[in-house]
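Let me begin by presenting the structure, written as C-alpha coordinates, before commenting on it.
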Amino acid sequence: MTRRHFLMNTVALAAGAAVAGCAKAEDPATGVGAARPEAKGSAGAAAKGRVVVAYYSWSGNTKALAGLVAAAVGGELFEISPKVAYPEAYRACTEQAKREIAAGARPELAAWPDFAKYDVVLVGSPNWWGTIAPPVSTFVENPALAGKRMALFQTHGGGGAQRCGQDFKKQAKGNVVAEPLIVTGSRAARAQAEAAKWAHAIVG
(Lines give C-alpha, C1' and ligand atoms only; values in the text may rest on other atoms or scores of the structure.)
Protein backbone atom coordinates (compact mmCIF):
# COMPACT_ATOMS: atom_id res chain seq x y z
CA MET A 1 0.00 0.00 0.00
CA THR A 2 1.34 3.42 -0.88
CA ARG A 3 1.36 6.60 1.17
CA ARG A 4 -1.61 7.80 -0.88
CA HIS A 5 -3.70 5.17 0.88
CA PHE A 6 -2.57 5.73 4.46
CA LEU A 7 -6.08 5.25 5.85
CA MET A 8 -6.92 2.49 8.28
CA ASN A 9 -9.50 -0.12 7.31
CA THR A 10 -13.05 -0.16 8.65
CA VAL A 11 -12.37 -2.87 11.19
CA ALA A 12 -9.46 -0.95 12.70
CA LEU A 13 -11.51 2.22 12.91
CA ALA A 14 -14.36 0.40 14.61
CA ALA A 15 -11.90 -0.89 17.17
CA GLY A 16 -10.70 2.64 17.81
CA ALA A 17 -7.12 1.79 16.93
CA ALA A 18 -6.75 3.40 13.54
CA VAL A 19 -3.84 5.50 12.45
CA ALA A 20 -6.11 8.27 11.25
CA GLY A 21 -5.23 11.45 9.43
CA CYS A 22 -2.36 10.08 7.41
CA ALA A 23 -3.87 9.86 3.95
CA LYS A 24 -1.75 11.69 1.45
CA ALA A 25 -3.08 15.03 0.27
CA GLU A 26 -3.56 15.74 -3.43
CA ASP A 27 -0.44 17.88 -3.40
CA PRO A 28 2.83 15.88 -3.41
CA ALA A 29 4.24 15.10 0.02
CA THR A 30 7.44 16.91 0.75
CA GLY A 31 8.98 14.11 2.80
CA VAL A 32 10.32 14.17 6.33
CA GLY A 33 13.73 15.67 6.96
CA ALA A 34 15.50 18.05 9.30
CA ALA A 35 13.19 20.42 11.12
CA ARG A 36 13.45 23.96 9.92
CA PRO A 37 11.80 27.30 10.66
CA GLU A 38 9.97 28.79 7.71
CA ALA A 39 9.41 32.52 8.06
CA LYS A 40 5.96 33.20 6.64
CA GLY A 41 2.84 35.14 7.50
CA SER A 42 1.86 38.76 7.70
CA ALA A 43 3.58 41.66 9.39
CA GLY A 44 0.52 42.07 11.62
CA ALA A 45 1.49 39.12 13.78
CA ALA A 46 3.39 41.25 16.30
CA ALA A 47 0.27 43.21 17.20
CA LYS A 48 -1.65 40.01 17.88
CA GLY A 49 1.04 38.23 19.88
CA ARG A 50 4.01 36.44 18.43
CA VAL A 51 2.80 33.16 16.96
CA VAL A 52 4.57 29.99 15.89
CA VAL A 53 2.67 27.31 13.99
CA ALA A 54 4.59 24.11 14.67
CA TYR A 55 3.55 20.92 12.91
CA TYR A 56 4.52 17.35 12.21
CA SER A 57 3.40 15.99 8.85
CA TRP A 58 4.20 12.54 7.45
CA SER A 59 2.19 12.80 4.26
CA GLY A 60 1.66 16.53 3.69
CA ASN A 61 -1.90 16.93 5.02
CA THR A 62 -0.99 18.52 8.33
CA LYS A 63 1.58 20.71 6.60
CA ALA A 64 -1.13 22.01 4.26
CA LEU A 65 -3.40 22.86 7.19
CA ALA A 66 -0.51 24.46 9.07
CA GLY A 67 0.09 26.79 6.14
CA LEU A 68 -3.52 27.95 6.24
CA VAL A 69 -3.40 28.54 10.01
CA ALA A 70 -0.16 30.51 9.75
CA ALA A 71 -1.42 32.62 6.85
CA ALA A 72 -4.57 33.52 8.78
CA VAL A 73 -2.76 35.04 11.76
CA GLY A 74 0.70 35.88 10.49
CA GLY A 75 2.35 33.01 12.29
CA GLU A 76 5.80 31.61 11.61
CA LEU A 77 5.87 28.02 10.42
CA PHE A 78 8.11 25.48 12.10
CA GLU A 79 8.35 21.85 11.01
CA ILE A 80 8.64 19.29 13.81
CA SER A 81 10.89 16.49 12.54
CA PRO A 82 12.44 13.55 14.37
CA LYS A 83 16.17 13.02 13.94
CA VAL A 84 15.37 9.65 12.42
CA ALA A 85 12.61 9.96 9.84
CA TYR A 86 9.71 7.55 9.78
CA PRO A 87 9.65 5.00 6.95
CA GLU A 88 7.98 6.15 3.77
CA ALA A 89 6.24 2.80 3.30
CA TYR A 90 2.72 2.70 4.75
CA ARG A 91 2.91 -0.53 6.70
CA ALA A 92 6.37 0.06 8.09
CA CYS A 93 5.35 3.52 9.27
CA THR A 94 2.14 2.35 10.93
CA GLU A 95 3.89 -0.51 12.69
CA GLN A 96 6.63 1.76 14.02
CA ALA A 97 4.08 4.34 15.17
CA LYS A 98 2.04 1.67 16.95
CA ARG A 99 5.10 0.39 18.82
CA GLU A 100 6.19 3.88 19.83
CA ILE A 101 2.76 4.93 21.06
CA ALA A 102 2.36 1.72 23.07
CA ALA A 103 5.77 2.30 24.67
CA GLY A 104 5.21 6.02 25.30
CA ALA A 105 8.27 6.79 23.16
CA ARG A 106 9.42 10.36 22.64
CA PRO A 107 11.58 10.53 19.49
CA GLU A 108 14.48 12.97 19.59
CA LEU A 109 13.86 15.98 17.36
CA ALA A 110 16.24 17.36 14.78
CA ALA A 111 15.77 21.00 15.80
CA TRP A 112 13.78 23.29 18.07
CA PRO A 113 12.43 26.81 17.64
CA ASP A 114 13.46 29.65 19.95
CA PHE A 115 10.44 29.52 22.25
CA ALA A 116 11.36 32.85 23.84
CA LYS A 117 10.28 34.56 20.60
CA TYR A 118 6.66 33.42 20.85
CA ASP A 119 3.60 34.01 23.00
CA VAL A 120 1.26 31.63 21.16
CA VAL A 121 2.15 28.11 20.01
CA LEU A 122 -0.30 26.42 17.62
CA VAL A 123 0.59 22.77 17.13
CA GLY A 124 -0.41 20.48 14.28
CA SER A 125 -0.46 16.69 14.27
CA PRO A 126 -2.00 13.81 12.36
CA ASN A 127 -4.13 11.36 14.30
CA TRP A 128 -1.98 8.26 14.70
CA TRP A 129 -3.55 5.26 16.40
CA GLY A 130 -6.05 7.54 18.11
CA THR A 131 -3.60 10.08 19.52
CA ILE A 132 -1.08 12.72 18.47
CA ALA A 133 2.08 11.58 16.69
CA PRO A 134 5.06 10.80 18.96
CA PRO A 135 7.24 13.67 17.61
CA VAL A 136 4.46 16.08 18.57
CA SER A 137 4.41 14.61 22.08
CA THR A 138 8.15 15.26 22.33
CA PHE A 139 7.59 18.84 21.23
CA VAL A 140 4.69 19.77 23.52
CA GLU A 141 6.32 18.28 26.61
CA ASN A 142 9.24 20.73 26.43
CA PRO A 143 9.31 22.73 29.71
CA ALA A 144 10.19 25.85 27.72
CA LEU A 145 6.52 26.01 26.71
CA ALA A 146 5.39 26.81 30.24
CA GLY A 147 3.22 29.92 30.22
CA LYS A 148 2.63 29.89 26.46
CA ARG A 149 -0.87 29.89 24.99
CA MET A 150 -1.28 26.62 23.10
CA ALA A 151 -3.83 24.87 20.91
CA LEU A 152 -3.95 21.81 18.67
CA PHE A 153 -5.01 21.44 15.06
CA GLN A 154 -5.37 17.91 13.78
CA THR A 155 -5.84 15.98 10.56
CA HIS A 156 -7.32 12.51 10.30
CA GLY A 157 -8.25 9.91 7.75
CA GLY A 158 -11.62 8.95 9.18
CA GLY A 159 -10.95 8.40 12.88
CA GLY A 160 -11.97 11.87 13.99
CA ALA A 161 -10.65 13.34 17.22
CA GLN A 162 -10.35 10.15 19.31
CA ARG A 163 -7.85 10.87 22.17
CA CYS A 164 -5.83 13.56 20.38
CA GLY A 165 -7.27 16.54 22.23
CA GLN A 166 -7.23 15.01 25.68
CA ASP A 167 -3.71 13.63 25.26
CA PHE A 168 -2.52 17.01 24.01
CA LYS A 169 -3.92 18.68 27.13
CA LYS A 170 -2.22 16.13 29.38
CA GLN A 171 1.16 16.46 27.68
CA ALA A 172 1.30 20.18 26.91
CA LYS A 173 3.47 22.25 29.23
CA GLY A 174 1.75 25.47 28.21
CA ASN A 175 -1.82 26.64 28.72
CA VAL A 176 -4.22 24.93 26.30
CA VAL A 177 -6.65 27.72 25.47
CA ALA A 178 -8.95 26.22 22.82
CA GLU A 179 -10.53 23.02 21.59
CA PRO A 180 -8.72 21.35 18.69
CA LEU A 181 -9.38 22.19 15.06
CA ILE A 182 -10.19 18.84 13.43
CA VAL A 183 -10.05 18.43 9.66
CA THR A 184 -10.07 15.34 7.46
CA GLY A 185 -6.84 14.86 5.58
CA SER A 186 -8.53 15.01 2.19
CA ARG A 187 -9.82 18.52 2.98
CA ALA A 188 -6.75 19.89 4.73
CA ALA A 189 -5.55 22.01 1.81
CA ARG A 190 -9.02 23.52 1.30
CA ALA A 191 -10.03 24.35 4.86
CA GLN A 192 -9.15 28.05 4.72
CA ALA A 193 -12.35 29.29 6.37
CA GLU A 194 -12.21 26.80 9.24
CA ALA A 195 -8.52 27.41 9.84
CA ALA A 196 -8.93 31.20 9.85
CA LYS A 197 -11.94 31.17 12.19
CA TRP A 198 -10.21 28.84 14.66
CA ALA A 199 -6.88 30.67 14.63
CA HIS A 200 -8.39 34.15 14.94
CA ALA A 201 -10.43 33.04 17.95
CA ILE A 202 -7.16 32.20 19.71
CA VAL A 203 -4.83 34.93 18.50
CA GLY A 204 -7.27 37.77 17.95
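Labels used: A, B, ... for chains in the order of the C-alpha coordinates, numbers from 1 for residues in each chain, and numbers from 1 for ligands as shown.
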message: Please identify the strand (DSSP E or B) residues within segment 110-173 of chain A (assignment by DSSP from backbone atoms) and present them as a PyMOL selection string.
response: chain A and resi 120-128+131-132+149-156
- prompt: Near Arg187 of chain A, counting only C-alpha atoms, which residues have an atom at most 10 Å away, once you skip same-chain residues fewer than 2 positions from it, shown as a ChimeraX atom specification?
  reply: /A:25-26,61,64-65,155-157,183-185,189-192
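Of the residues under consideration (A:Ala199, A:Ala116, A:Leu145, A:Ala97), A:Ala97 shows the shortest atom-to-atom contact distance to Trp128 of chain A when counting only C-alpha atoms.
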Sorted per-residue table, segment 33-140 of chain A near segment 175-180 of chain A, closest atoms and distance, 12 Å, only C-alpha atoms, as JSON lines:
```
{"residue": "A:Asp119", "atom": "CA", "partner": "A:Asn175", "partner_atom": "CA", "distance": 10.8}
{"residue": "A:Val120", "atom": "CA", "partner": "A:Asn175", "partner_atom": "CA", "distance": 9.6}
{"residue": "A:Val121", "atom": "CA", "partner": "A:Val176", "partner_atom": "CA", "distance": 9.5}
{"residue": "A:Leu122", "atom": "CA", "partner": "A:Val176", "partner_atom": "CA", "distance": 9.6}
{"residue": "A:Val123", "atom": "CA", "partner": "A:Pro180", "partner_atom": "CA", "distance": 9.5}
{"residue": "A:Gly124", "atom": "CA", "partner": "A:Pro180", "partner_atom": "CA", "distance": 9.5}
{"residue": "A:Ser125", "atom": "CA", "partner": "A:Pro180", "partner_atom": "CA", "distance": 10.5}
{"residue": "A:Pro126", "atom": "CA", "partner": "A:Pro180", "partner_atom": "CA", "distance": 11.9}
{"residue": "A:Asn127", "atom": "CA", "partner": "A:Pro180", "partner_atom": "CA", "distance": 11.8}
{"residue": "A:Ile132", "atom": "CA", "partner": "A:Pro180", "partner_atom": "CA", "distance": 11.5}
{"residue": "A:Val140", "atom": "CA", "partner": "A:Val176", "partner_atom": "CA", "distance": 10.7}
```
Dump of all heavy atoms for the selected residues, as a short mmCIF file (atom, residue, chain, number, x, y, z; two decimals), in the first residue's frame:
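Writing the result to part.cif gives the following:
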```
data_model
loop_
_atom_site.label_atom_id
_atom_site.label_comp_id
_atom_site.auth_asym_id
_atom_site.auth_seq_id
_atom_site.Cartn_x
_atom_site.Cartn_y
_atom_site.Cartn_z
N ASP A 119 4.60 34.00 21.94
CA ASP A 119 3.60 34.01 23.00
C ASP A 119 2.55 32.92 22.79
O ASP A 119 1.99 32.40 23.75
CB ASP A 119 2.87 35.37 23.02
CG ASP A 119 3.83 36.53 23.15
OD1 ASP A 119 4.66 36.51 24.08
OD2 ASP A 119 3.77 37.45 22.31
N VAL A 120 2.29 32.60 21.52
CA VAL A 120 1.26 31.63 21.16
C VAL A 120 1.90 30.51 20.34
O VAL A 120 2.65 30.78 19.40
CB VAL A 120 0.13 32.29 20.34
CG1 VAL A 120 -0.95 31.27 20.00
CG2 VAL A 120 -0.47 33.48 21.09
N VAL A 121 1.59 29.27 20.70
CA VAL A 121 2.15 28.11 20.01
C VAL A 121 0.98 27.24 19.53
O VAL A 121 0.29 26.60 20.34
CB VAL A 121 3.08 27.29 20.93
CG1 VAL A 121 3.70 26.13 20.16
CG2 VAL A 121 4.17 28.18 21.52
N LEU A 122 0.74 27.24 18.23
CA LEU A 122 -0.30 26.42 17.62
C LEU A 122 0.35 25.18 17.05
O LEU A 122 1.30 25.29 16.27
CB LEU A 122 -1.05 27.21 16.55
CG LEU A 122 -1.63 28.56 17.01
CD1 LEU A 122 -2.32 29.26 15.86
CD2 LEU A 122 -2.57 28.36 18.19
N VAL A 123 -0.12 24.02 17.42
CA VAL A 123 0.59 22.77 17.13
C VAL A 123 -0.27 21.85 16.27
O VAL A 123 -1.44 21.59 16.60
CB VAL A 123 0.97 22.04 18.44
CG1 VAL A 123 1.77 20.78 18.14
CG2 VAL A 123 1.76 22.96 19.36
N GLY A 124 0.31 21.36 15.19
CA GLY A 124 -0.41 20.48 14.28
C GLY A 124 0.11 19.05 14.31
O GLY A 124 1.32 18.82 14.36
N SER A 125 -0.82 18.10 14.26
CA SER A 125 -0.46 16.69 14.27
C SER A 125 -1.48 15.88 13.49
O SER A 125 -2.67 16.19 13.51
CB SER A 125 -0.42 16.16 15.71
OG SER A 125 -0.15 14.76 15.74
N PRO A 126 -1.04 14.80 12.85
CA PRO A 126 -2.00 13.81 12.36
C PRO A 126 -2.50 12.97 13.52
O PRO A 126 -1.87 12.93 14.59
CB PRO A 126 -1.16 12.97 11.40
CG PRO A 126 0.22 13.04 11.95
CD PRO A 126 0.35 14.44 12.53
N ASN A 127 -3.63 12.33 13.34
CA ASN A 127 -4.13 11.36 14.30
C ASN A 127 -3.48 10.02 13.97
O ASN A 127 -3.75 9.43 12.93
CB ASN A 127 -5.66 11.26 14.18
CG ASN A 127 -6.27 10.19 15.09
OD1 ASN A 127 -5.61 9.25 15.49
ND2 ASN A 127 -7.55 10.33 15.38
N ILE A 132 -2.01 11.89 19.23
CA ILE A 132 -1.08 12.72 18.47
C ILE A 132 0.20 11.92 18.18
O ILE A 132 0.54 10.99 18.89
CB ILE A 132 -0.75 14.03 19.22
CG1 ILE A 132 -0.18 13.77 20.61
CG2 ILE A 132 -1.97 14.92 19.30
CD1 ILE A 132 0.19 15.04 21.38
N VAL A 140 5.56 19.06 22.58
CA VAL A 140 4.69 19.77 23.52
C VAL A 140 5.08 19.54 24.97
O VAL A 140 4.66 20.30 25.86
CB VAL A 140 3.20 19.41 23.30
CG1 VAL A 140 2.78 19.77 21.89
CG2 VAL A 140 2.91 17.96 23.61
#
```
message: If DSSP is run on the backbone, what residues of segment 88-181 of chain A are helix (DSSP H, G or I)? A reply as a ChimeraX atom specification would be ideal.
response: /A:90-103,115-117,134-140,143-145,164-171
